[in-house]
file coords12.pdb (PDB, C-alpha atoms)
ATOM      1  CA  MET A  30     211.426 -81.847  13.048
ATOM      2  CA  ARG A  31     209.425 -78.618  12.883
ATOM      3  CA  LEU A  32     205.875 -77.598  13.662
ATOM      4  CA  ARG A  33     203.588 -78.098  10.687
ATOM      5  CA  ASN A  34     201.841 -74.734  10.953
ATOM      6  CA  LYS A  35     202.944 -71.137  11.444
ATOM      7  CA  ASP A  36     200.471 -70.777  14.331
ATOM      8  CA  MET A  37     199.600 -72.389  17.668
ATOM      9  CA  ILE A  38     195.829 -72.233  17.955
ATOM     10  CA  GLY A  39     195.128 -75.357  19.986
ATOM     11  CA  LEU A  40     196.125 -78.920  20.813
ATOM     12  CA  HIS A  41     193.117 -80.515  19.137
ATOM     13  CA  HIS A  42     195.007 -80.834  15.857
ATOM     14  CA  SER A  43     198.543 -81.065  17.272
ATOM     15  CA  THR A  44     200.331 -84.383  16.857
ATOM     16  CA  VAL A  45     202.117 -86.377  19.537
ATOM     17  CA  GLU A  46     205.402 -85.620  17.754
ATOM     18  CA  GLU A  47     204.730 -81.878  17.815
ATOM     19  CA  ILE A  48     203.815 -81.895  21.493
ATOM     20  CA  ASN A  49     206.972 -83.839  22.320
ATOM     21  CA  LEU A  50     209.007 -81.380  20.259
ATOM     22  CA  ILE A  51     207.587 -78.445  22.214
ATOM     23  CA  LEU A  52     208.139 -80.142  25.586
ATOM     24  CA  ASN A  53     211.695 -81.166  24.709
ATOM     25  CA  THR A  54     212.483 -77.653  23.489
ATOM     26  CA  ALA A  55     211.019 -76.203  26.690
ATOM     27  CA  GLU A  56     213.386 -78.389  28.688
ATOM     28  CA  ALA A  57     216.338 -76.703  27.010
ATOM     29  CA  MET A  58     214.743 -73.282  27.479
ATOM     30  CA  LYS A  59     214.311 -73.831  31.203
ATOM     31  CA  GLY A  60     218.078 -73.979  31.466
ATOM     32  CA  ILE A  61     218.194 -70.363  30.268
ATOM     33  CA  ILE A  62     215.725 -69.282  32.966
ATOM     34  CA  ASN A  63     217.915 -70.843  35.644
ATOM     35  CA  ARG A  64     221.006 -68.885  34.551
ATOM     36  CA  GLN A  65     222.189 -65.825  36.412
ATOM     37  CA  ILE A  66     221.993 -63.860  33.152
ATOM     38  CA  LYS A  67     218.751 -64.858  31.466
ATOM     39  CA  LYS A  68     219.482 -63.752  27.920
ATOM     40  CA  VAL A  69     220.327 -65.407  24.606
ATOM     41  CA  PRO A  70     220.348 -63.760  21.148
ATOM     42  CA  THR A  71     218.134 -66.383  19.498
ATOM     43  CA  LEU A  72     215.269 -64.050  18.477
ATOM     44  CA  ARG A  73     217.212 -60.807  18.141
ATOM     45  CA  GLY A  74     215.520 -58.634  15.508
ATOM     46  CA  ARG A  75     212.157 -60.377  15.922
ATOM     47  CA  THR A  76     209.071 -58.668  17.370
ATOM     48  CA  MET A  77     206.217 -60.073  19.425
ATOM     49  CA  VAL A  78     202.969 -58.173  19.992
ATOM     50  CA  THR A  79     200.476 -59.224  22.656
ATOM     51  CA  ILE A  80     196.814 -58.245  22.279
ATOM     52  CA  PHE A  81     194.704 -59.017  25.336
ATOM     53  CA  TYR A  82     190.969 -58.361  25.328
ATOM     54  CA  GLU A  83     190.700 -59.996  28.768
ATOM     55  CA  PRO A  84     192.716 -59.551  31.980
ATOM     56  CA  SER A  85     195.814 -61.678  32.502
ATOM     57  CA  THR A  86     198.801 -61.769  34.832
ATOM     58  CA  ARG A  87     200.630 -65.067  34.350
ATOM     59  CA  THR A  88     200.045 -65.668  30.637
ATOM     60  CA  ARG A  89     200.790 -62.157  29.443
ATOM     61  CA  THR A  90     203.806 -61.626  31.691
ATOM     62  CA  SER A  91     205.307 -65.023  30.894
ATOM     63  CA  PHE A  92     204.989 -64.465  27.138
ATOM     64  CA  GLU A  93     206.690 -61.087  27.492
ATOM     65  CA  LEU A  94     209.490 -62.516  29.637
ATOM     66  CA  ALA A  95     209.870 -65.451  27.248
ATOM     67  CA  ALA A  96     210.385 -63.048  24.351
ATOM     68  CA  LYS A  97     212.802 -60.861  26.308
ATOM     69  CA  TYR A  98     214.899 -63.844  27.444
ATOM     70  CA  LEU A  99     215.257 -64.754  23.749
ATOM     71  CA  SER A 100     216.140 -61.112  22.882
ATOM     72  CA  ALA A 101     212.967 -60.382  20.912
ATOM     73  CA  ASP A 102     211.335 -56.965  21.098
ATOM     74  CA  THR A 103     207.894 -56.866  22.701
ATOM     75  CA  VAL A 104     204.884 -54.576  22.519
ATOM     76  CA  GLY A 105     201.772 -55.061  24.628
ATOM     77  CA  ILE A 106     198.320 -53.817  23.664
ATOM     78  CA  ALA A 107     195.312 -53.761  26.001
ATOM     79  CA  ALA A 108     191.972 -53.483  24.248
ATOM     80  CA  ALA A 109     190.719 -50.828  26.667
ATOM     81  CA  THR A 110     193.507 -48.413  25.698
ATOM     82  CA  SER A 111     193.676 -49.220  21.984
ATOM     83  CA  SER A 112     191.659 -48.186  18.930
ATOM     84  CA  VAL A 113     189.339 -51.082  19.729
ATOM     85  CA  SER A 114     187.643 -48.673  22.134
ATOM     86  CA  LYS A 115     186.966 -46.472  19.099
ATOM     87  CA  GLY A 116     185.306 -49.270  17.168
ATOM     88  CA  GLU A 117     188.244 -50.805  15.290
ATOM     89  CA  THR A 118     187.756 -54.475  14.433
ATOM     90  CA  LEU A 119     190.089 -57.256  15.532
ATOM     91  CA  LYS A 120     191.141 -57.867  11.919
ATOM     92  CA  ASP A 121     191.989 -54.208  11.331
ATOM     93  CA  THR A 122     193.920 -53.987  14.597
ATOM     94  CA  ALA A 123     195.963 -57.062  13.697
ATOM     95  CA  ARG A 124     196.597 -55.933  10.098
ATOM     96  CA  ASN A 125     197.927 -52.611  11.343
ATOM     97  CA  ILE A 126     200.214 -54.391  13.797
ATOM     98  CA  GLU A 127     201.506 -56.694  11.061
ATOM     99  CA  ALA A 128     202.090 -53.676   8.802
ATOM    100  CA  MET A 129     204.442 -52.346  11.483
ATOM    101  CA  GLY A 130     206.569 -55.484  11.201
ATOM    102  CA  ALA A 131     205.314 -57.848  13.924
ATOM    103  CA  ASP A 132     206.545 -61.431  13.532
ATOM    104  CA  VAL A 133     204.181 -63.040  16.036
ATOM    105  CA  VAL A 134     200.903 -61.945  17.610
ATOM    106  CA  VAL A 135     199.766 -63.406  20.938
ATOM    107  CA  LEU A 136     196.007 -63.024  21.308
ATOM    108  CA  ARG A 137     193.570 -63.458  24.169
ATOM    109  CA  HIS A 138     189.954 -62.880  23.216
ATOM    110  CA  PRO A 139     186.556 -63.653  24.785
ATOM    111  CA  MET A 140     185.197 -65.180  21.561
ATOM    112  CA  ALA A 141     185.976 -68.761  20.585
ATOM    113  CA  GLY A 142     187.613 -68.878  17.159
ATOM    114  CA  ALA A 143     189.156 -65.401  17.337
ATOM    115  CA  ALA A 144     192.721 -66.728  17.186
ATOM    116  CA  ALA A 145     191.931 -68.954  14.185
ATOM    117  CA  LEU A 146     190.337 -65.994  12.407
ATOM    118  CA  LEU A 147     193.474 -63.944  12.997
ATOM    119  CA  ALA A 148     195.745 -66.766  11.848
ATOM    120  CA  ASP A 149     193.847 -66.960   8.561
ATOM    121  CA  THR A 150     194.185 -63.190   8.124
ATOM    122  CA  LEU A 151     197.863 -62.619   8.911
ATOM    123  CA  LYS A 152     201.146 -63.805   7.476
ATOM    124  CA  ALA A 153     202.631 -63.376  10.953
ATOM    125  CA  SER A 154     202.437 -66.278  13.393
ATOM    126  CA  VAL A 155     199.527 -66.259  15.846
ATOM    127  CA  ILE A 156     199.568 -67.861  19.287
ATOM    128  CA  ASN A 157     196.266 -68.423  21.026
ATOM    129  CA  ALA A 158     196.515 -67.217  24.635
ATOM    130  CA  GLY A 159     192.903 -68.205  25.280
ATOM    131  CA  ASP A 160     189.828 -67.765  23.069
ATOM    132  CA  GLY A 161     186.549 -67.867  24.934
ATOM    133  CA  ALA A 162     185.819 -71.348  26.265
ATOM    134  CA  HIS A 163     187.639 -72.964  23.327
ATOM    135  CA  GLU A 164     191.352 -73.581  24.013
ATOM    136  CA  HIS A 165     194.382 -72.306  25.918
ATOM    137  CA  PRO A 166     197.186 -74.431  24.425
ATOM    138  CA  SER A 167     200.198 -72.909  26.153
ATOM    139  CA  GLN A 168     198.621 -73.522  29.579
ATOM    140  CA  ALA A 169     197.961 -77.163  28.728
ATOM    141  CA  LEU A 170     201.501 -77.526  27.398
ATOM    142  CA  LEU A 171     203.022 -76.158  30.603
ATOM    143  CA  ASP A 172     200.808 -78.539  32.591
ATOM    144  CA  LEU A 173     202.014 -81.451  30.455
ATOM    145  CA  TYR A 174     205.608 -80.303  30.878
ATOM    146  CA  THR A 175     205.224 -80.057  34.658
ATOM    147  CA  ALA A 176     203.606 -83.494  34.903
ATOM    148  CA  ARG A 177     206.296 -85.078  32.714
ATOM    149  CA  GLU A 178     209.073 -83.336  34.642
ATOM    150  CA  LYS A 179     207.756 -84.551  37.996
ATOM    151  CA  LYS A 180     206.541 -87.998  36.979
ATOM    152  CA  GLY A 181     209.078 -88.838  34.289
ATOM    153  CA  ARG A 182     206.374 -89.728  31.795
ATOM    154  CA  LEU A 183     202.888 -88.863  30.568
ATOM    155  CA  GLU A 184     201.811 -92.204  29.136
ATOM    156  CA  GLY A 185     199.769 -94.205  31.619
ATOM    157  CA  LEU A 186     199.202 -91.376  34.089
ATOM    158  CA  LYS A 187     195.756 -91.029  35.661
ATOM    159  CA  VAL A 188     194.756 -87.358  35.573
ATOM    160  CA  ALA A 189     191.819 -85.819  37.446
ATOM    161  CA  ILE A 190     190.481 -82.433  36.284
ATOM    162  CA  VAL A 191     188.087 -80.895  38.787
ATOM    163  CA  GLY A 192     185.891 -77.807  38.532
ATOM    164  CA  ASP A 193     184.074 -75.752  35.925
ATOM    165  CA  ILE A 194     184.729 -77.907  32.874
ATOM    166  CA  MET A 195     182.092 -76.228  30.720
ATOM    167  CA  HIS A 196     183.651 -72.767  30.653
ATOM    168  CA  SER A 197     187.287 -73.843  30.903
ATOM    169  CA  ARG A 198     189.531 -73.495  27.868
ATOM    170  CA  VAL A 199     192.278 -74.924  30.096
ATOM    171  CA  ALA A 200     190.261 -78.116  30.555
ATOM    172  CA  ARG A 201     189.651 -78.532  26.827
ATOM    173  CA  SER A 202     193.286 -78.099  25.864
ATOM    174  CA  GLY A 203     194.277 -80.303  28.793
ATOM    175  CA  ILE A 204     191.975 -83.133  27.726
ATOM    176  CA  TRP A 205     193.328 -83.034  24.168
ATOM    177  CA  GLY A 206     196.915 -82.881  25.367
ATOM    178  CA  TYR A 207     196.839 -85.527  28.080
ATOM    179  CA  THR A 208     194.872 -88.060  26.040
ATOM    180  CA  LYS A 209     197.107 -87.637  22.971
ATOM    181  CA  MET A 210     200.116 -88.356  25.173
ATOM    182  CA  GLY A 211     198.615 -91.581  26.543
ATOM    183  CA  ALA A 212     197.227 -90.422  29.887
ATOM    184  CA  THR A 213     193.690 -91.149  31.051
ATOM    185  CA  VAL A 214     191.550 -88.168  32.088
ATOM    186  CA  ARG A 215     188.713 -88.149  34.613
ATOM    187  CA  LEU A 216     186.441 -85.137  35.037
ATOM    188  CA  ALA A 217     184.437 -83.999  38.059
ATOM    189  CA  GLY A 218     182.331 -80.937  38.765
ATOM    190  CA  PRO A 219     178.732 -79.810  39.197
ATOM    191  CA  ALA A 220     176.500 -81.503  36.610
ATOM    192  CA  THR A 221     175.530 -78.064  35.288
ATOM    193  CA  LEU A 222     179.214 -77.343  34.564
ATOM    194  CA  ILE A 223     179.978 -80.547  32.624
ATOM    195  CA  PRO A 224     179.651 -80.035  28.849
ATOM    196  CA  LYS A 225     177.397 -82.342  26.892
ATOM    197  CA  ASP A 226     179.292 -85.008  24.934
ATOM    198  CA  VAL A 227     182.639 -84.128  26.583
ATOM    199  CA  GLU A 228     183.371 -87.856  26.762
ATOM    200  CA  LYS A 229     183.713 -87.831  22.986
ATOM    201  CA  MET A 230     187.002 -85.983  23.592
ATOM    202  CA  GLY A 231     188.339 -89.071  25.339
ATOM    203  CA  ALA A 232     187.729 -88.152  28.984
ATOM    204  CA  THR A 233     185.571 -89.953  31.553
ATOM    205  CA  VAL A 234     182.945 -88.048  33.552
ATOM    206  CA  CYS A 235     182.826 -89.225  37.166
ATOM    207  CA  ALA A 236     179.761 -89.269  39.404
ATOM    208  CA  ASN A 237     181.563 -87.317  42.118
ATOM    209  CA  VAL A 238     184.897 -85.752  42.931
ATOM    210  CA  GLU A 239     185.954 -88.680  45.119
ATOM    211  CA  GLN A 240     185.651 -91.075  42.194
ATOM    212  CA  ALA A 241     187.742 -88.793  39.997
ATOM    213  CA  LEU A 242     190.469 -88.470  42.619
ATOM    214  CA  ALA A 243     190.769 -92.165  43.503
ATOM    215  CA  GLY A 244     194.352 -93.201  42.724
ATOM    216  CA  ALA A 245     195.001 -90.158  40.514
ATOM    217  CA  ASP A 246     198.627 -89.373  39.679
ATOM    218  CA  VAL A 247     197.909 -85.762  38.729
ATOM    219  CA  VAL A 248     195.157 -83.502  40.074
ATOM    220  CA  ASN A 249     194.373 -80.424  37.983
ATOM    221  CA  VAL A 250     192.122 -78.021  39.878
ATOM    222  CA  LEU A 251     190.274 -75.419  37.805
ATOM    223  CA  ARG A 252     189.339 -71.928  38.910
ATOM    224  CA  ILE A 253     185.662 -71.655  39.701
ATOM    225  CA  GLN A 254     184.574 -68.751  37.554
ATOM    226  CA  THR A 255     182.748 -66.653  40.130
ATOM    227  CA  GLU A 256     181.741 -64.141  37.465
ATOM    228  CA  ARG A 257     179.332 -66.801  36.176
ATOM    229  CA  GLN A 258     177.739 -67.373  39.585
ATOM    230  CA  GLN A 259     174.917 -64.969  38.695
ATOM    231  CA  GLN A 260     173.781 -67.453  36.056
ATOM    232  CA  GLY A 261     172.679 -69.799  38.827
ATOM    233  CA  LEU A 262     174.715 -72.758  37.550
ATOM    234  CA  PHE A 263     175.334 -73.940  41.120
ATOM    235  CA  PRO A 264     173.639 -72.983  44.418
ATOM    236  CA  SER A 265     176.416 -71.014  46.118
ATOM    237  CA  LEU A 266     180.165 -70.755  46.519
ATOM    238  CA  ARG A 267     179.800 -72.262  49.978
ATOM    239  CA  GLU A 268     177.975 -75.262  48.520
ATOM    240  CA  TYR A 269     180.604 -75.639  45.795
ATOM    241  CA  SER A 270     183.375 -75.577  48.383
ATOM    242  CA  ARG A 271     181.625 -78.231  50.456
ATOM    243  CA  MET A 272     181.165 -80.557  47.491
ATOM    244  CA  PHE A 273     184.239 -79.976  45.316
ATOM    245  CA  CYS A 274     187.005 -78.094  47.153
ATOM    246  CA  ILE A 275     190.283 -80.012  46.960
ATOM    247  CA  ASN A 276     191.369 -80.177  50.576
ATOM    248  CA  ARG A 277     193.724 -82.421  52.492
ATOM    249  CA  GLU A 278     191.137 -85.170  52.994
ATOM    250  CA  ARG A 279     190.154 -85.302  49.318
ATOM    251  CA  LEU A 280     193.736 -85.138  48.045
ATOM    252  CA  ALA A 281     194.514 -88.149  50.259
ATOM    253  CA  LEU A 282     192.254 -90.197  47.949
ATOM    254  CA  ALA A 283     194.741 -89.701  45.105
ATOM    255  CA  ALA A 284     198.028 -91.577  44.791
ATOM    256  CA  PRO A 285     200.408 -90.911  47.717
ATOM    257  CA  ASP A 286     202.770 -89.035  45.414
ATOM    258  CA  ALA A 287     200.028 -87.284  43.445
ATOM    259  CA  LEU A 288     200.950 -83.977  41.840
ATOM    260  CA  LEU A 289     198.648 -81.004  42.453
ATOM    261  CA  MET A 290     198.307 -78.256  39.840
ATOM    262  CA  HIS A 291     196.177 -75.157  39.288
ATOM    263  CA  PRO A 292     196.284 -72.715  36.337
ATOM    264  CA  GLY A 293     195.581 -69.686  38.534
ATOM    265  CA  PRO A 294     194.335 -67.378  39.737
ATOM    266  CA  MET A 295     193.269 -69.416  42.747
ATOM    267  CA  ASN A 296     190.155 -68.837  44.809
ATOM    268  CA  ARG A 297     191.510 -70.158  48.091
ATOM    269  CA  GLY A 298     188.924 -71.867  50.232
ATOM    270  CA  ILE A 299     186.541 -72.320  47.296
ATOM    271  CA  GLU A 300     188.108 -74.687  44.773
ATOM    272  CA  ILE A 301     191.306 -75.379  46.707
ATOM    273  CA  SER A 302     192.221 -75.177  50.375
ATOM    274  CA  PRO A 303     195.240 -73.099  51.472
ATOM    275  CA  GLU A 304     197.029 -76.026  53.127
ATOM    276  CA  VAL A 305     196.852 -78.026  49.887
ATOM    277  CA  ALA A 306     197.750 -75.093  47.623
ATOM    278  CA  ASP A 307     200.876 -74.472  49.700
ATOM    279  CA  GLY A 308     201.572 -78.123  50.513
ATOM    280  CA  LEU A 309     204.393 -80.438  49.514
ATOM    281  CA  GLN A 310     202.445 -81.987  46.622
ATOM    282  CA  SER A 311     201.718 -78.624  45.025
ATOM    283  CA  ALA A 312     203.558 -77.683  41.829
ATOM    284  CA  ILE A 313     201.605 -74.454  41.310
ATOM    285  CA  THR A 314     204.593 -72.111  41.557
ATOM    286  CA  GLU A 315     206.680 -74.417  39.365
ATOM    287  CA  GLN A 316     203.930 -74.297  36.760
ATOM    288  CA  VAL A 317     204.540 -70.554  36.481
ATOM    289  CA  THR A 318     208.264 -71.068  35.882
ATOM    290  CA  ASN A 319     207.552 -73.816  33.381
ATOM    291  CA  GLY A 320     205.086 -71.535  31.623
ATOM    292  CA  VAL A 321     207.916 -69.205  30.682
ATOM    293  CA  ALA A 322     209.990 -72.117  29.356
ATOM    294  CA  VAL A 323     207.099 -73.500  27.285
ATOM    295  CA  ARG A 324     206.333 -70.093  25.810
ATOM    296  CA  MET A 325     210.012 -69.608  24.975
ATOM    297  CA  ALA A 326     209.838 -72.938  23.141
ATOM    298  CA  LEU A 327     206.750 -71.873  21.188
ATOM    299  CA  LEU A 328     208.319 -68.580  20.126
ATOM    300  CA  TYR A 329     211.529 -70.335  19.087
ATOM    301  CA  LEU A 330     209.741 -73.019  17.101
ATOM    302  CA  LEU A 331     207.363 -70.576  15.369
ATOM    303  CA  ILE A 332     209.627 -67.621  14.523
ATOM    304  CA  GLY A 333     213.147 -68.726  15.427
ATOM    305  CA  GLY A 334     215.453 -71.561  14.497
ATOM    306  CA  GLY A 335     212.614 -74.025  14.376
ATOM    307  CA  ALA A 336     210.467 -71.930  12.043
ATOM    308  CA  ARG A 337     209.409 -73.282   8.676
TER     309      ARG A 337
END
call {"tool": "encode", "arguments": {"input": "coords12.pdb", "output": "structure tokens"}}
result
Amino acid sequence: MRLRNKDMIGLHHSTVEEINLILNTAEAMKGIINRQIKKVPTLRGRTMVTIFYEPSTRTRTSFELAAKYLSADTVGIAAATSSVSKGETLKDTARNIEAMGADVVVLRHPMAGAAALLADTLKASVINAGDGAHEHPSQALLDLYTAREKKGRLEGLKVAIVGDIMHSRVARSGIWGYTKMGATVRLAGPATLIPKDVEKMGATVCANVEQALAGADVVNVLRIQTERQQQGLFPSLREYSRMFCINRERLALAAPDALLMHPGPMNRGIEISPEVADGLQSAITEQVTNGVAVRMALLYLLIGGGAR
């Protein structure tokens, strides 16, 4: 089986079979990461270009390492130091990159739909590394992989997603991914940060964080986006921490073997307490490792042996 499209824009339109294919491929790729010599010739002669209009540590670095482990060449472009600062459009930037021979473009952009626009413009594959508050598919896929690896399944799991749902592309991709794979998703956060009609995506909005956590198998904590605090969407960071911070007492409401995850970067003491972030139930560091494996799988399936 292969992916139906040349691009990975989001999980909204991905099938269960495609998600399983990516997760199964990532399992094989993780074996490469665990080797002493992390290098295979699978994508030798292929080129990946990353274009990031927003800051990133984990996503950008893991895509670059994923490409290098598969022997692809990589070029990274930051908008601030590119011709974008001179007024060049996203389309023109991407067309110039494709003209230089790029096989895949990894894009992060503040506007929802930017990755889809690029995919319609280029013959090269496009991977969405986050477009506004729309989707962040590779993050959701690594979360799914981590949950499946730890729990042995996805179907039937009870998943709690806590935090700023409205502005979170991670939450949107996560809801699509978990529900497609047979898990149930509960959401909790300030009422001003819960999108209207989000339940139409298949998730349940809970009255409070305690209700969302009750008996949960997986707890996904979202970063509270402090840059939006000036919009007055909640009273204060202190108030948010009091009401929604995942601490030891709140995590105890979940299943005894509940898995704790966070996409990073973490605001310790605001959305998650240090003792929980560094505790035995935390898989946050493993998520980072799994992110490389998942992104290796995406590159392989889109421009390698699994390409159409």
call {"tool": "closest_residue", "arguments": {"input": "coords12.pdb", "among": "A:Phe92, A:Phe81, A:Phe273, A:Tyr98", "to": "Met58 (chain A)", "atoms": "only C-alpha atoms"}}
result
A:Tyr98
call {"tool": "residues_around", "arguments": {"input": "coords12.pdb", "residues": "region 290-302 of chain A", "least_positions_apart": "4", "cutoff": "7 Å", "atoms": "only C-alpha atoms", "output": "PyMOL selection string"}}
result
chain A and resi 248-253+266+269-270+273-276+306+311-313
call {"tool": "resolve_selection", "arguments": {"input": "coords12.pdb", "expression": "the PyMOL selection byres ((chain A and resi 68) around 12)", "output": "ChimeraX atom specification"}}
result
/A:58-67,69-73,94-101,325
call {"tool": "closest_residue", "arguments": {"input": "coords12.pdb", "among": "A:Gln310, A:Asn49, A:Thr175, A:Thr150", "to": "Arg31 (chain A)", "atoms": "all atoms listed in the file"}}
result
A:Asn49
call {"tool": "resolve_selection", "arguments": {"input": "coords12.pdb", "expression": "the PyMOL selection byres ((chain A and resi 185) around 7)", "output": "number ranges by chain"}}
result
A: 183-184, 186-187, 211-213
call {"tool": "residues_around", "arguments": {"input": "coords12.pdb", "residues": "Lys152 (chain A)", "least_positions_apart": "5", "cutoff": "9 Å", "atoms": "all atoms listed in the file", "output": "PDB file with C-alpha atoms, in the frame of the given file"}}
result
ATOM      1  CA  LYS A  35     202.944 -71.137  11.444  1.00  0.00           C
ATOM      2  CA  GLU A 127     201.506 -56.694  11.061  1.00  0.00           C
ATOM      3  CA  ASP A 132     206.545 -61.431  13.532  1.00  0.00           C
TER       4      ASP A 132
END
call {"tool": "closest_residue", "arguments": {"input": "coords12.pdb", "among": "A:Pro303, A:Gly74, A:Gly39, A:Gly105", "to": "Gly333 (chain A)", "atoms": "all atoms listed in the file"}}
result
A:Gly74
call {"tool": "residues_around", "arguments": {"input": "coords12.pdb", "residues": "Leu262 (chain A)", "least_positions_apart": "6", "cutoff": "9 Å", "atoms": "all atoms listed in the file", "output": "NGL selection string"}}
result
:A and (219-222)
call {"tool": "axis_aligned_box", "arguments": {"input": "coords12.pdb", "around": "region 218-225 of chain A", "padding_each_side": "4 Å", "output": "AutoDock Vina command-line options"}}
result
--center_x 178.9 --center_y -79.8 --center_z 33.0 --size_x 14.8 --size_y 13.0 --size_z 20.3
call {"tool": "residues_around", "arguments": {"input": "coords12.pdb", "residues": "Tyr174 (chain A)", "least_positions_apart": "6", "cutoff": "10 Å", "atoms": "all atoms listed in the file", "output": "PyMOL selection string"}}
result
chain A and resi 48-49+51-53+55-56+168+180-183+316+319-320+322-323
call {"tool": "atom_distance", "arguments": {"input": "coords12.pdb", "atom1": "CA of Leu146 (chain A)", "atom2": "CA of Tyr207 (chain A)"}}
result
25.9 Å
call {"tool": "residues_around", "arguments": {"input": "coords12.pdb", "residues": "Ile194 (chain A)", "least_positions_apart": "6", "cutoff": "12 Å", "atoms": "only C-alpha atoms", "output": "ChimeraX atom specification"}}
result
/A:162-164,200-204,215-228,232,234,249-254
call {"tool": "atom_distance", "arguments": {"input": "coords12.pdb", "atom1": "CA of Leu136 (chain A)", "atom2": "CA of Ile332 (chain A)"}}
result
15.9 Å
call {"tool": "atom_distance", "arguments": {"input": "coords12.pdb", "atom1": "CA of His196 (chain A)", "atom2": "CA of Asp36 (chain A)"}}
result
23.5 Å
call {"tool": "closest_residue", "arguments": {"input": "coords12.pdb", "among": "A:Leu147, A:Leu32, A:Val155, A:Val317", "to": "Val134 (chain A)", "atoms": "only C-alpha atoms"}}
result
A:Val155
call {"tool": "resolve_selection", "arguments": {"input": "coords12.pdb", "expression": "the PyMOL selection byres ((chain A and resi 139-141) around 7)", "output": "ChimeraX atom specification"}}
result
/A:82-83,138,142-143,160-163
call {"tool": "closest_residue", "arguments": {"input": "coords12.pdb", "among": "A:Ile190, A:Val133, A:Ala284, A:Leu119", "to": "Asp172 (chain A)", "atoms": "only C-alpha atoms"}}
result
A:Ile190
